[in-house]
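**Student:** This is start32.cif, which holds mmCIF, C-alpha atoms:
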```cif
data_work
loop_
_atom_site.label_atom_id
_atom_site.label_comp_id
_atom_site.auth_asym_id
_atom_site.auth_seq_id
_atom_site.Cartn_x
_atom_site.Cartn_y
_atom_site.Cartn_z
CA MET B 9 34.88 -63.65 39.62
CA PRO B 10 32.98 -63.30 42.93
CA THR B 11 33.99 -65.66 45.72
CA PRO B 12 31.26 -68.18 46.68
CA SER B 13 30.67 -66.41 50.02
CA LYS B 14 30.37 -62.98 48.40
CA HIS B 15 28.05 -64.40 45.81
CA TRP B 16 25.92 -66.03 48.51
CA ARG B 17 25.59 -62.72 50.37
CA GLU B 18 24.45 -61.00 47.19
CA ILE B 19 21.74 -63.55 46.34
CA PRO B 20 18.80 -61.36 47.51
CA GLN B 21 19.79 -58.54 45.16
CA ARG B 22 21.10 -60.67 42.30
CA TYR B 23 18.27 -63.24 42.23
CA ARG B 24 15.31 -61.21 43.47
CA LEU B 25 16.31 -57.57 42.71
CA GLU B 26 15.83 -56.64 46.36
CA ALA B 27 16.64 -53.00 47.07
CA GLY B 28 16.31 -50.83 50.18
CA LYS B 29 13.99 -47.81 50.23
CA CYS B 30 14.91 -45.11 52.76
CA THR B 31 12.02 -44.74 55.21
CA ARG B 32 12.74 -41.02 55.57
CA CYS B 33 13.44 -39.61 52.10
CA GLY B 34 12.42 -42.44 49.76
CA TYR B 35 15.87 -42.93 48.15
CA VAL B 36 16.12 -46.40 46.68
CA ALA B 37 19.53 -47.99 47.30
CA PHE B 38 20.61 -50.81 45.00
CA PRO B 39 22.61 -52.67 46.08
CA PRO B 40 21.14 -52.13 49.56
CA ARG B 41 23.13 -49.89 51.93
CA LEU B 42 23.30 -49.33 55.69
CA VAL B 43 23.19 -45.51 55.51
CA CYS B 44 21.18 -43.37 53.09
CA PRO B 45 23.62 -41.29 50.98
CA GLU B 46 20.97 -38.59 50.56
CA CYS B 47 19.76 -38.00 54.14
CA GLY B 48 21.87 -40.14 56.50
CA ASN B 49 18.94 -42.24 57.71
CA ARG B 50 19.72 -45.82 58.74
CA GLU B 51 16.32 -47.41 58.20
CA PHE B 52 15.35 -49.01 54.92
CA ALA B 53 12.25 -50.93 53.88
CA PRO B 54 12.81 -53.78 51.38
CA VAL B 55 11.45 -53.10 47.90
CA LYS B 56 11.79 -54.93 44.60
CA LEU B 57 13.27 -53.07 41.65
CA ALA B 58 11.20 -52.30 38.57
CA GLU B 59 11.95 -54.88 35.85
CA THR B 60 11.80 -52.55 32.87
CA GLY B 61 13.84 -49.54 31.93
CA THR B 62 15.53 -47.45 29.25
CA LEU B 63 19.15 -47.75 28.10
CA LEU B 64 21.13 -44.57 28.93
CA THR B 65 24.46 -45.65 27.47
CA TYR B 66 26.25 -48.80 26.30
CA THR B 67 29.46 -50.23 24.99
CA VAL B 68 30.59 -53.46 23.39
CA VAL B 69 33.41 -55.01 25.38
CA ARG B 70 35.82 -56.65 22.92
CA VAL B 71 38.78 -57.14 25.24
CA ALA B 72 37.26 -58.60 28.40
CA PRO B 73 38.55 -58.50 31.96
CA GLY B 74 39.58 -61.72 33.74
CA GLY B 75 36.81 -64.28 33.99
CA PHE B 76 34.88 -63.01 30.98
CA GLU B 77 37.45 -63.73 28.22
CA ASP B 78 35.34 -66.47 26.65
CA GLU B 79 32.29 -64.22 26.42
CA ALA B 80 33.80 -61.30 24.45
CA PRO B 81 32.49 -59.53 22.53
CA TYR B 82 29.49 -58.68 24.69
CA ALA B 83 27.42 -55.54 25.33
CA VAL B 84 27.26 -53.73 28.68
CA GLY B 85 24.92 -50.88 29.40
CA ILE B 86 23.55 -48.56 32.05
CA ALA B 87 19.75 -48.34 32.15
CA GLU B 88 17.36 -46.23 34.18
CA LEU B 89 14.56 -48.42 35.50
CA ALA B 90 10.92 -47.35 35.72
CA ASP B 91 11.41 -46.58 39.45
CA GLY B 92 14.34 -44.23 38.76
CA VAL B 93 17.11 -46.62 39.86
CA LYS B 94 20.07 -46.80 37.47
CA LEU B 95 22.18 -49.91 37.15
CA THR B 96 24.84 -51.54 35.01
CA ALA B 97 24.44 -54.96 33.43
CA GLN B 98 25.21 -56.93 30.30
CA VAL B 99 22.78 -56.43 27.43
CA ALA B 100 21.98 -59.92 26.12
CA ASP B 101 20.00 -61.19 23.11
CA CYS B 102 20.53 -57.95 21.19
CA ALA B 103 22.49 -57.58 17.95
CA PHE B 104 25.18 -54.91 18.43
CA ALA B 105 23.73 -52.96 15.50
CA ASP B 106 20.39 -52.73 17.35
CA LEU B 107 21.90 -51.19 20.51
CA LYS B 108 20.91 -47.57 20.93
CA VAL B 109 20.43 -45.01 23.68
CA GLY B 110 16.75 -45.06 24.57
CA LEU B 111 16.33 -48.80 23.87
CA LYS B 112 13.59 -50.28 26.09
CA VAL B 113 15.03 -53.12 28.17
CA ARG B 114 13.84 -55.67 30.68
CA LEU B 115 15.80 -57.36 33.48
CA GLU B 116 16.06 -61.11 33.09
CA PHE B 117 17.46 -63.81 35.37
CA ARG B 118 20.54 -65.25 33.68
CA LYS B 119 23.66 -67.27 34.24
CA LEU B 120 26.56 -64.83 34.68
CA SER B 121 29.66 -66.97 35.06
CA GLU B 122 30.98 -70.35 36.04
CA ASP B 123 33.77 -70.78 38.55
CA GLY B 124 35.61 -73.72 36.96
CA ALA B 125 34.27 -77.16 36.08
CA ALA B 126 33.32 -78.13 39.65
CA GLY B 127 32.82 -74.63 40.97
CA VAL B 128 29.96 -72.28 41.69
CA ILE B 129 27.73 -71.08 38.88
CA ALA B 130 26.92 -67.42 39.42
CA TYR B 131 23.44 -66.28 38.43
CA GLY B 132 22.12 -62.74 38.31
CA TYR B 133 20.41 -60.24 36.05
CA LYS B 134 21.05 -59.08 32.52
CA PHE B 135 19.18 -56.63 30.31
CA VAL B 136 17.35 -57.95 27.27
CA PRO B 137 15.36 -55.89 24.75
CA ALA B 138 11.83 -55.40 26.12
CA MET O 11 43.77 -36.09 18.94
CA VAL O 12 44.39 -36.49 22.69
CA ALA O 13 46.43 -39.64 22.07
CA VAL O 14 48.36 -38.06 19.18
CA LYS O 15 49.18 -34.97 21.27
CA ASN O 16 50.24 -37.04 24.30
CA HIS O 17 52.46 -39.33 22.21
CA ASP O 18 53.97 -36.20 20.62
CA ASN O 19 54.88 -34.96 24.11
CA GLY O 20 55.94 -38.44 25.24
CA SER O 21 58.34 -38.71 22.29
CA LYS O 22 60.28 -35.90 23.98
CA ASN O 23 60.37 -37.68 27.36
CA PRO O 24 63.31 -40.10 27.75
CA LEU O 25 61.49 -41.84 30.62
CA ALA O 26 58.29 -42.51 28.66
CA GLN O 27 57.16 -46.12 28.16
CA PHE O 28 56.01 -45.42 24.58
CA PRO O 29 58.10 -42.46 23.36
CA VAL O 30 56.81 -42.74 19.79
CA LYS O 31 54.70 -40.39 17.68
CA ILE O 32 51.42 -41.74 16.34
CA SER O 33 49.01 -40.45 13.72
CA VAL O 34 45.24 -39.88 13.86
CA GLU O 35 44.89 -42.64 11.23
CA ALA O 36 46.83 -45.07 13.45
CA VAL O 37 44.46 -44.34 16.36
CA LEU O 38 41.34 -44.71 14.20
CA ASN O 39 42.61 -47.97 12.67
CA SER O 40 43.71 -49.58 15.94
CA VAL O 41 41.63 -52.44 17.38
CA LEU O 42 38.51 -51.75 19.41
CA VAL O 43 38.71 -52.47 23.16
CA ALA O 44 35.28 -51.24 24.20
CA ASP O 45 33.34 -49.15 21.67
CA PRO O 46 34.17 -46.47 20.76
CA LEU O 47 37.53 -46.67 22.54
CA ARG O 48 40.37 -48.27 20.60
CA ILE O 49 43.63 -49.58 21.97
CA LEU O 50 45.36 -46.28 21.16
CA ASP O 51 42.72 -44.45 23.24
CA CYS O 52 43.69 -46.51 26.30
CA SER O 53 46.65 -45.96 28.59
CA PRO O 54 48.85 -48.99 29.25
CA ILE O 55 49.49 -50.59 32.63
CA THR O 56 53.13 -49.96 33.40
CA ASP O 57 55.88 -51.15 35.71
CA GLY O 58 57.34 -47.99 37.16
CA ALA O 59 58.18 -46.00 40.24
CA ALA O 60 58.28 -42.35 41.24
CA ALA O 61 59.49 -40.52 44.32
CA VAL O 62 59.54 -37.02 45.77
CA ILE O 63 61.31 -35.58 48.80
CA LEU O 64 59.09 -33.43 51.02
CA CYS O 65 60.34 -30.90 53.55
CA PRO O 66 59.11 -27.73 55.26
CA ALA O 67 59.28 -24.74 52.90
CA GLU O 68 61.85 -22.93 55.06
CA MET O 69 64.25 -25.88 54.72
CA ALA O 70 64.00 -26.00 50.92
CA GLY O 71 66.73 -23.35 50.48
CA LYS O 72 69.31 -25.61 52.14
CA PHE O 73 69.35 -28.09 49.25
CA LYS O 74 71.44 -27.73 46.10
CA THR O 75 68.46 -28.16 43.77
CA PRO O 76 65.74 -25.50 43.74
CA GLY O 77 62.57 -26.40 45.63
CA VAL O 78 59.01 -26.39 44.37
CA ARG O 79 56.17 -25.29 46.62
CA ILE O 80 52.93 -27.26 47.05
CA ALA O 81 50.64 -24.22 47.03
CA GLY O 82 47.32 -26.00 47.16
CA THR O 83 45.77 -29.44 47.60
CA GLY O 84 42.22 -30.65 47.26
CA GLN O 85 40.43 -33.99 47.30
CA ALA O 86 36.82 -34.91 46.60
CA THR O 87 34.71 -38.00 46.04
CA ASP O 88 31.73 -39.01 43.93
CA THR O 89 29.65 -42.19 43.74
CA ILE O 90 31.81 -45.24 43.04
CA ALA O 91 29.31 -46.72 40.56
CA LEU O 92 29.16 -44.82 37.28
CA SER O 93 25.48 -45.75 37.09
CA SER O 94 24.70 -43.77 40.26
CA ARG O 95 25.97 -40.46 38.85
CA LYS O 96 23.52 -37.65 38.14
CA ASP O 97 25.41 -36.92 34.91
CA LEU O 98 27.44 -39.58 33.07
CA CYS O 99 29.38 -36.91 31.17
CA TRP O 100 30.72 -34.94 34.12
CA LEU O 101 33.54 -35.46 36.70
CA GLU O 102 32.16 -33.65 39.74
CA SER O 103 34.92 -34.96 42.06
CA THR O 104 37.56 -33.31 39.84
CA ARG O 105 35.65 -30.00 39.76
CA VAL O 106 35.38 -29.90 43.57
CA ALA O 107 38.98 -31.03 44.19
CA ALA O 108 40.31 -28.37 41.78
CA LYS O 109 38.16 -25.68 43.39
CA LYS O 110 39.60 -26.55 46.83
CA ALA O 111 43.22 -26.70 45.63
CA LEU O 112 43.02 -23.44 43.67
CA ALA O 113 41.30 -21.66 46.58
CA MET O 114 44.11 -22.80 48.92
CA ALA O 115 46.70 -21.51 46.44
CA GLY O 116 44.79 -18.27 45.90
CA ARG O 117 44.90 -18.86 42.14
CA LYS O 118 42.55 -19.27 39.21
CA VAL O 119 42.77 -22.15 36.77
CA GLU O 120 43.83 -19.68 34.02
CA ASP O 121 46.89 -18.83 36.15
CA MET O 122 48.31 -22.34 35.63
CA HIS O 123 51.01 -22.73 32.99
CA PHE O 124 50.59 -26.50 32.49
CA PHE O 125 48.42 -29.41 33.61
CA GLU O 126 49.29 -33.04 34.29
CA VAL O 127 46.02 -34.98 34.29
CA HIS O 128 44.74 -38.56 34.52
CA ASP O 129 44.29 -39.51 30.85
CA CYS O 130 43.60 -43.19 31.55
CA PHE O 131 41.51 -43.02 28.37
CA THR O 132 41.41 -40.19 25.81
CA ILE O 133 37.87 -39.22 26.83
CA ALA O 134 39.03 -38.90 30.46
CA GLU O 135 41.48 -36.11 29.53
CA ILE O 136 38.67 -34.26 27.74
CA MET O 137 36.31 -34.65 30.70
CA VAL O 138 39.04 -33.48 33.12
CA MET O 139 39.68 -30.38 30.96
CA GLU O 140 35.99 -29.56 31.23
CA ALA O 141 35.76 -30.27 34.96
CA LEU O 142 38.82 -28.08 35.62
CA GLY O 143 37.09 -25.27 33.74
CA LEU O 144 39.63 -24.95 30.91
CA VAL O 145 36.71 -25.14 28.46
CA PRO O 146 32.92 -25.29 28.85
CA LYS O 147 31.23 -28.68 29.11
CA GLY O 148 31.13 -30.38 25.74
CA ALA O 149 33.81 -28.13 24.19
CA GLY O 150 36.86 -30.21 25.20
CA GLY O 151 37.19 -32.39 22.12
CA LYS O 152 37.09 -29.44 19.73
CA ALA O 153 39.57 -27.49 21.88
CA VAL O 154 42.08 -30.37 21.70
CA ALA O 155 41.69 -30.54 17.91
CA GLU O 156 42.36 -26.79 17.73
CA GLY O 157 45.60 -27.14 19.69
CA LEU O 158 44.58 -25.49 22.98
CA THR O 159 46.36 -28.20 25.01
CA ARG O 160 49.49 -28.70 22.93
CA LEU O 161 52.90 -27.89 24.44
CA ASP O 162 52.77 -24.51 22.67
CA GLY O 163 49.04 -23.99 23.27
CA LYS O 164 47.34 -21.73 25.82
CA PHE O 165 46.82 -24.60 28.31
CA PRO O 166 49.45 -27.34 27.81
CA VAL O 167 48.01 -30.63 29.11
CA ASN O 168 50.23 -33.61 29.90
CA PRO O 169 53.62 -32.30 28.76
CA SER O 170 55.11 -35.56 30.12
CA GLY O 171 53.12 -37.59 27.60
CA GLY O 172 50.49 -38.42 30.20
CA LEU O 173 49.41 -41.88 31.22
CA LYS O 174 48.96 -42.66 27.53
CA ALA O 175 52.60 -42.28 26.40
CA LYS O 176 54.64 -41.83 29.57
CA GLY O 177 52.88 -44.87 31.06
CA HIS O 178 50.48 -45.66 33.90
CA PRO O 179 52.23 -47.38 36.81
CA VAL O 180 48.89 -47.12 38.71
CA GLY O 181 50.16 -46.63 42.28
CA ALA O 182 53.08 -44.45 41.14
CA THR O 183 51.08 -42.41 38.61
CA GLY O 184 50.14 -39.57 40.98
CA VAL O 185 53.67 -39.06 42.27
CA ALA O 186 54.98 -39.25 38.70
CA GLN O 187 52.72 -36.28 37.90
CA ALA O 188 54.33 -34.38 40.78
CA VAL O 189 57.79 -35.30 39.43
CA GLU O 190 56.84 -33.85 36.02
CA ALA O 191 55.53 -30.69 37.73
CA VAL O 192 58.87 -30.31 39.55
CA LYS O 193 60.86 -30.80 36.32
CA GLN O 194 58.73 -28.25 34.48
CA LEU O 195 58.97 -25.68 37.30
CA ARG O 196 62.74 -26.10 37.54
CA GLY O 197 63.06 -25.71 33.79
CA GLU O 198 64.55 -29.20 33.50
CA ALA O 199 62.04 -30.72 31.07
CA GLY O 200 64.28 -30.43 28.00
CA PRO O 201 62.51 -30.53 24.62
CA ARG O 202 59.09 -30.80 26.30
CA GLN O 203 59.65 -27.74 28.53
CA VAL O 204 56.64 -25.43 28.78
CA LYS O 205 58.22 -22.01 28.27
CA GLY O 206 58.20 -19.80 31.33
CA ALA O 207 56.34 -22.32 33.51
CA ARG O 208 56.02 -20.93 37.06
CA ARG O 209 52.81 -22.63 38.19
CA GLY O 210 51.26 -25.99 37.34
CA LEU O 211 48.35 -28.20 38.32
CA THR O 212 48.17 -31.98 38.67
CA GLN O 213 44.96 -34.00 38.72
CA ASN O 214 44.76 -37.68 39.57
CA MET O 215 41.73 -39.89 40.08
CA GLY O 216 40.66 -43.39 41.03
CA GLY O 217 38.09 -45.66 39.44
CA THR O 218 35.87 -43.75 37.04
CA GLY O 219 36.35 -40.54 39.01
CA GLY O 220 34.97 -41.81 42.33
CA SER O 221 37.86 -39.97 43.93
CA SER O 222 39.94 -37.09 42.59
CA VAL O 223 43.01 -35.33 43.94
CA VAL O 224 44.31 -31.99 42.63
CA HIS O 225 47.53 -30.21 43.54
CA VAL O 226 48.83 -26.76 42.64
CA PHE O 227 52.63 -26.42 42.40
CA GLU O 228 54.61 -23.19 42.22
CA ALA O 229 58.25 -22.46 41.52
CA MET O 230 60.04 -21.02 44.57
#
```
Re-express the file's structure as structure tokens.
**Tutor:**
Amino acid sequence: MPTPSKHWREIPQRYRLEAGKCTRCGYVAFPPRLVCPECGNREFAPVKLAETGTLLTYTVVRVAPGGFEDEAPYAVGIAELADGVKLTAQVADCAFADLKVGLKVRLEFRKLSEDGAAGVIAYGYKFVPA
Amino acid sequence: MVAVKNHDNGSKNPLAQFPVKISVEAVLNSVLVADPLRILDCSPITDGAAAVILCPAEMAGKFKTPGVRIAGTGQATDTIALSSRKDLCWLESTRVAAKKALAMAGRKVEDMHFFEVHDCFTIAEIMVMEALGLVPKGAGGKAVAEGLTRLDGKFPVNPSGGLKAKGHPVGATGVAQAVEAVKQLRGEAGPRQVKGARRGLTQNMGGTGGSSVVHVFEAM
């Protein structure tokens, strides 16, 4: 469960898929970074991630970590987006039997978790079948 | 097969958390945690402690118990996020750490008589075997089924029972591997003793292999 302040700091990437593109070598960092892991450059231009991609691998989480107990079972996958960036997210709106490597997916804005009855609702992205 | 083999070894370790033998059927019929891993593919989280006494090599002869030499050490990192890896089926940090440790010891991986590795999940032990170079990439599962890594196999892996059977007291897990290496090299491992063990390798890692540490131990 992210703290409210951590969640607030991550809003640009979680809500708007903002990444950083290295101005020297073109590496796309998501989440954004201060130093390029490929070339050491410290300058990034903001870019928005591609919204479609292909599932590289997946699992169905049946015993969930803290904060997600009520959601189990749910699918989690790693997808490679059209711009080459790879990221991990839940795969929603997909029957487990339909999950497969190579599945075309799309990033959608979704509710991720709720921090108690009066707490912060965390929003972000999930994959859904394209 | 990894879990069955590690529980077999663990059943011979009086300090193991789960010193019980299990069958392949029991593993395959246990509940799913995250597909395709079942509960008997997963190491437990354990309360436990481990300790070693370090001293300069020239002092080791002054103690009543025989010393064990740390012949090589290596550490390497990889991306923290699994999704950032170039290859999801490869532990590059373990390969690099092992290369460094073996180079320092002046040994090859085939020279090792046993291996204590981070089998947090059964697939992790297989991937570590491949990254250490015990078998080619993709051949680990079959090699385990054929007995390569049993106590009496060519490359015994996790004679202690590993994280799976001995237990995984997270922060103490790495030192516990060193303790097993010392017992094996002193010939004090009882029914799980690897015969004639003079050199052994330990491999520990954090996260999903974002950091790996490898040590080479030799009997003095």
**Student:** Go ahead and compute the interatomic distance for atom CA of O:Gly172 and atom CA of O:Phe125, in Å to one decimal.
**Tutor:**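 Rounded to one decimal, the two atoms are 9.9 Å apart.
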**Student:** Which of these residues is nearest to B:Ala90, using only C-alpha atoms: B:Ala58, B:Ile129, B:Cys47, B:Leu25?
**Tutor:** B:Ala58
**Student:** On this file, the PyMOL selection byres ((chain O) within 8 of (chain B)) gives some set of residues; write that set as an NGL selection string.
**Tutor:** :O and (42-46 or 93-94)
**Student:** Once the PyMOL selection byres ((chain O and resi 212) around 9) has been evaluated on this model, what residues remain selected, and can you format them as an MDAnalysis selection string?
**Tutor:** chainID O and resid 124:128 184 187:188 191 210:211 213:214 223:227
**Student:** For the provided coordinates, the residues matched by the PyMOL selection byres ((chain O and resi 119) around 9) should be stated as a PyMOL selection string.
**Tutor:** chain O and resi 108-109+112+117-118+120-122+142-144+211
**Student:** Near B:Tyr133, within 9 Å and counting all atoms listed in the file, which residues show up once chain neighbours fewer than 5 positions away are dropped, as a list in words?
**Tutor:**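 Contacts, in chain order: Arg22, Tyr23, Leu25, Ala97, Gln98, Leu115, Glu116, Phe117, Arg118, Lys119 and Leu120 of chain B.
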**Student:** Which one is closest to B:Ala138: B:Glu59, B:Glu77, B:Glu18, B:Asp91? Count all atoms listed in the file.
**Tutor:**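 With all atoms listed in the file as the atom set, the closest residue is B:Glu59.
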**Student:** Of the candidates O:Thr132, O:Ile55, O:Ala229, O:Val106, which one gets nearest to O:Leu195 if we count all atoms listed in the file?
**Tutor:**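 Closest residue, counting all atoms listed in the file: O:Ala229.
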**Student:** Hey, what's within 8 Å of stretch 165-170 of chain O if we count only C-alpha atoms and toss same-chain stuff fewer than 2 positions away? As an NGL selection string, please?
**Tutor:** :O and (16 or 19-20 or 23 or 26 or 122-127 or 144 or 158-163 or 172 or 176 or 190 or 202-204)
**Student:** Could you state the separation of atom CA of O:Gly71 and atom CA of O:Lys193 in Å, given to one decimal place?
**Tutor:**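 Atom CA of O:Lys193 lies at a distance of 17.0 Å from atom CA of O:Gly71.
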**Student:** May I ask for the distance between atom CA of B:Ala80 and atom CA of B:Glu122, given in Å to one decimal place?
**Tutor:**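 Atom-to-atom, atom CA of B:Ala80 and atom CA of B:Glu122 are spaced 15.0 Å apart.
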**Student:** For stretch 34-51 of chain O, I'd like the enclosing box, axis-aligned and padded by 4 Å on every side, reported as AutoDock Vina command-line options with centre and edge lengths in Å to one decimal.
**Tutor:**
```
--center_x 40.1 --center_y -46.2 --center_z 17.7 --size_x 21.5 --size_y 20.6 --size_z 21.0
```
**Student:** Within 12 Å of (69.0, -30.2, 42.0) in the file's own coordinates, which protein, DNA or RNA residues have an atom, counting only C-alpha atoms? List them as a list of chain:residue names.
**Tutor:**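 These residues have at least one counted atom within 12 Å: O:Ile63, O:Ala70, O:Gly71, O:Lys72, O:Phe73, O:Lys74, O:Thr75, O:Pro76, O:Gly77, O:Val78, O:Val192, O:Lys193, O:Leu195, O:Arg196, O:Gly197, O:Glu198.
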**Student:** Tell me which of B:Tyr35, B:Asp123, B:Asp106, B:Arg41 sits closest to B:Gly75, counting all atoms listed in the file.
**Tutor:**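 Once distances to B:Gly75 are computed over all atoms listed in the file, the minimum belongs to B:Asp123.
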**Student:** Between B:Cys33, B:Pro137, B:Asp101, B:Leu63, which one has atoms that come closest to B:Arg50, using only C-alpha atoms?
**Tutor:**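 Of B:Cys33, B:Pro137, B:Asp101, B:Leu63, the one nearest B:Arg50, counting only C-alpha atoms, is B:Cys33.
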**Student:** Which protein, DNA or RNA residues are at most 8 Å from (32.8, -39.2, 40.1) in the file's coordinates when you count all atoms listed in the file, listed as an MDAnalysis selection string?
**Tutor:** chainID O and resid 87:90 92 95 100:104 218:222
**Student:** Any idea what's packed within 9 Å of O:Val30, counting all atoms listed in the file, ignoring anything in its chain fewer than 6 positions away? Could you give it as a list of chain:residue names?
**Tutor:** O:His17, O:Asp18, O:Gly20, O:Ser21, O:Lys22, O:Ala175
**Student:** Store the residues picked out above in a file with C-alpha atoms, as an mmCIF file, keeping the file's coordinate frame.
**Tutor:**
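Result saved to selection.cif:
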```cif
data_model
loop_
_atom_site.group_PDB
_atom_site.id
_atom_site.type_symbol
_atom_site.label_atom_id
_atom_site.label_comp_id
_atom_site.auth_asym_id
_atom_site.auth_seq_id
_atom_site.Cartn_x
_atom_site.Cartn_y
_atom_site.Cartn_z
ATOM 1 C CA HIS O 17 52.460 -39.330 22.210
ATOM 2 C CA ASP O 18 53.970 -36.200 20.620
ATOM 3 C CA GLY O 20 55.940 -38.440 25.240
ATOM 4 C CA SER O 21 58.340 -38.710 22.290
ATOM 5 C CA LYS O 22 60.280 -35.900 23.980
ATOM 6 C CA ALA O 175 52.600 -42.280 26.400
#
```
